[in-house]
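The structure appears right after this line, and notes come after that.
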Amino acid sequence: MAGRSSIPAATSWTRSATSAAPAASGTRTGRLPAPQAGLPLLQDLDCRRTLHRMHNSLREQVRVQVEDRGRQPTAALVDSQSVRGAETVGRVSRGYDAGKRVNGRKRHIAVDTCGLLLAVLITGANVQDRDGARPLLRALHACFPGIRLVWADTGYTGTLVDWAATRLALTVRIVAKLAGQTTFVVLHRRWCVERTFSWINRCRRTVRDDERLPAHHAAMVQWAMIIVMTRRLARHQHT
């Protein structure tokens with residue numbers, strides 16, 4: 001499928017950066033020596049680890065202190081959102097979403113029942129929801145093995161439901177629109193992940209995608225959620 005082939009292209013920047021490192025260790029004048037070639041990549045990896053630790057720690061604090069829940073979730077919701085890409089977004093990691101008429105990237109997210117971010121995947125906007133959901137659910141299952149139930153909309157129907165049950169022991173429950181629905185209606189569980197998208201879009205940096213690398217946009221999504229969580233913790237401590 002064309003959608004599946006687009007997923008590695010949007011997320012393989014770390015592999016390309018690693019494979020390009022030996023080329024920088026040549027003997028021509030102006031080249032950096034080999035020990036320095038991988039230093040920016042190592043610094044970037046360290047920054048991402050720090051960001052993940054900070055985000056995850058804040059999420060657990062909000063769940064325990066504000067929401068009065070356990071530290072780890074047992075259920076999740078998945079959805080996606082296409083965002084327009086600036087000229088800085090390369091052709092390799094962008095696509096066209098014909099349904100939304102958006103040329104750019106698509107962010108696939110998984111959230112807990114409080115709307116707090118659990119996982120994020122950035123692909124080209126042409127990637128179908130059900131195709132982007134497979135690596136997203138794999139990551140969700142690896143990081144949160146206690147999750148057994150996932151809610152999703154009708155864009156995730158098809159073989160994904162059986163695949164998740166067989167490969168990951170996850171129950172994907174589809175929440176469909178009401179019969180004859182023509183206006184906005186708050187649907188069971190679906191509103192949680194839609195609210196998370198509204199939180200993310202409050203930040204100017206995430207209204208559209210200006211990042212050269214998909215991982216950088218994923219980091220901006222995490223920073224947006226960090227702002228939300230720190231403010232919620234601050235308000236809770238003052239009450």
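Lettering and numbering for the structure tokens are positional, with chains as A, B, ... in the shown order, residues counted from 1 in each chain, and ligands counted from 1 in the shown order.
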
For Pro73 in chain A, find every residue with an atom within 9 Å (counting only C-alpha atoms), except residues of its own chain fewer than 2 positions away, and show them as a ChimeraX atom specification.
/A:63,69-71,75-76,112-113,144,146-147

Write out as JSON lines a residue-level contact list of range 80-104 of chain A versus range 195-219 of chain A with cut-off 7 Å: for each qualifying residue the closest pair of atoms and the distance in Å to one decimal, counting only C-alpha atoms, rows sorted by chain and residue number upward.
```
{"residue": "A:Val83", "atom": "CA", "partner": "A:Arg208", "partner_atom": "CA", "distance": 5.3}
{"residue": "A:Arg84", "atom": "CA", "partner": "A:Arg208", "partner_atom": "CA", "distance": 5.2}
{"residue": "A:Gly85", "atom": "CA", "partner": "A:Asp209", "partner_atom": "CA", "distance": 4.7}
{"residue": "A:Ala86", "atom": "CA", "partner": "A:Asp210", "partner_atom": "CA", "distance": 5.1}
{"residue": "A:Thr88", "atom": "CA", "partner": "A:Arg212", "partner_atom": "CA", "distance": 5.4}
{"residue": "A:Val89", "atom": "CA", "partner": "A:Arg212", "partner_atom": "CA", "distance": 4.9}
{"residue": "A:Gly90", "atom": "CA", "partner": "A:Arg212", "partner_atom": "CA", "distance": 6.6}
```

Polymer residues at most 12 Å from Leu160 in chain A, only C-alpha atoms, same-chain spacing of 2 or more positions, as a PyMOL selection string
chain A and resi 128-138+150+152+154-158+162-168+170-174

Deliver the residues from the most recent selection as a file, using C-alpha atoms, as a PDB file, in the first residue's frame.
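Result file is out-v5.pdb:
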```
ATOM      1  CA  GLN A 128      -4.195   6.465   6.296  1.00  0.00           C
ATOM      2  CA  ASP A 129      -5.239   6.405   9.950  1.00  0.00           C
ATOM      3  CA  ARG A 130      -5.343   2.604  10.109  1.00  0.00           C
ATOM      4  CA  ASP A 131      -1.825   2.359   8.641  1.00  0.00           C
ATOM      5  CA  GLY A 132      -0.329   4.911  11.019  1.00  0.00           C
ATOM      6  CA  ALA A 133      -2.091   3.219  13.916  1.00  0.00           C
ATOM      7  CA  ARG A 134      -0.008   0.037  13.669  1.00  0.00           C
ATOM      8  CA  PRO A 135       3.374   1.529  14.685  1.00  0.00           C
ATOM      9  CA  LEU A 136       1.535   3.788  17.134  1.00  0.00           C
ATOM     10  CA  LEU A 137      -0.146   0.825  18.842  1.00  0.00           C
ATOM     11  CA  ARG A 138       3.124  -1.119  18.875  1.00  0.00           C
ATOM     12  CA  VAL A 150      -8.299   1.345  22.939  1.00  0.00           C
ATOM     13  CA  ALA A 152     -10.979   4.808  17.993  1.00  0.00           C
ATOM     14  CA  THR A 154     -14.484   4.700  12.151  1.00  0.00           C
ATOM     15  CA  GLY A 155     -11.267   5.579  10.305  1.00  0.00           C
ATOM     16  CA  TYR A 156      -9.653   2.648  12.103  1.00  0.00           C
ATOM     17  CA  THR A 157     -12.108  -0.039  11.017  1.00  0.00           C
ATOM     18  CA  GLY A 158     -10.954  -3.038   9.011  1.00  0.00           C
ATOM     19  CA  ASP A 162      -8.132  -8.130  14.308  1.00  0.00           C
ATOM     20  CA  TRP A 163      -4.421  -7.330  13.982  1.00  0.00           C
ATOM     21  CA  ALA A 164      -4.344  -5.523  17.335  1.00  0.00           C
ATOM     22  CA  ALA A 165      -6.214  -8.355  19.059  1.00  0.00           C
ATOM     23  CA  THR A 166      -3.941 -11.046  17.589  1.00  0.00           C
ATOM     24  CA  ARG A 167      -0.540  -9.368  17.732  1.00  0.00           C
ATOM     25  CA  LEU A 168      -0.831  -7.058  20.745  1.00  0.00           C
ATOM     26  CA  LEU A 170      -5.432  -5.071  22.479  1.00  0.00           C
ATOM     27  CA  THR A 171      -9.164  -4.599  22.123  1.00  0.00           C
ATOM     28  CA  VAL A 172      -9.833  -1.782  19.654  1.00  0.00           C
ATOM     29  CA  ARG A 173     -13.392  -0.525  20.145  1.00  0.00           C
ATOM     30  CA  ILE A 174     -14.797   1.609  17.324  1.00  0.00           C
TER      31      ILE A 174
END
```

Enumerate the residues of range 99-131 of chain A with a DSSP assignment of strand (DSSP E), computed from the backbone, and present them as a list in words.
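Selecting the strand (DSSP E) positions of range 99-131 of chain A gives Val102, Asn103, Gly104, Arg105, Lys106, Arg107, His108, Ile109, Ala110, Val111, Leu117, Leu118, Ala119, Val120, Leu121, Ile122, Thr123 and Gly124 of chain A.
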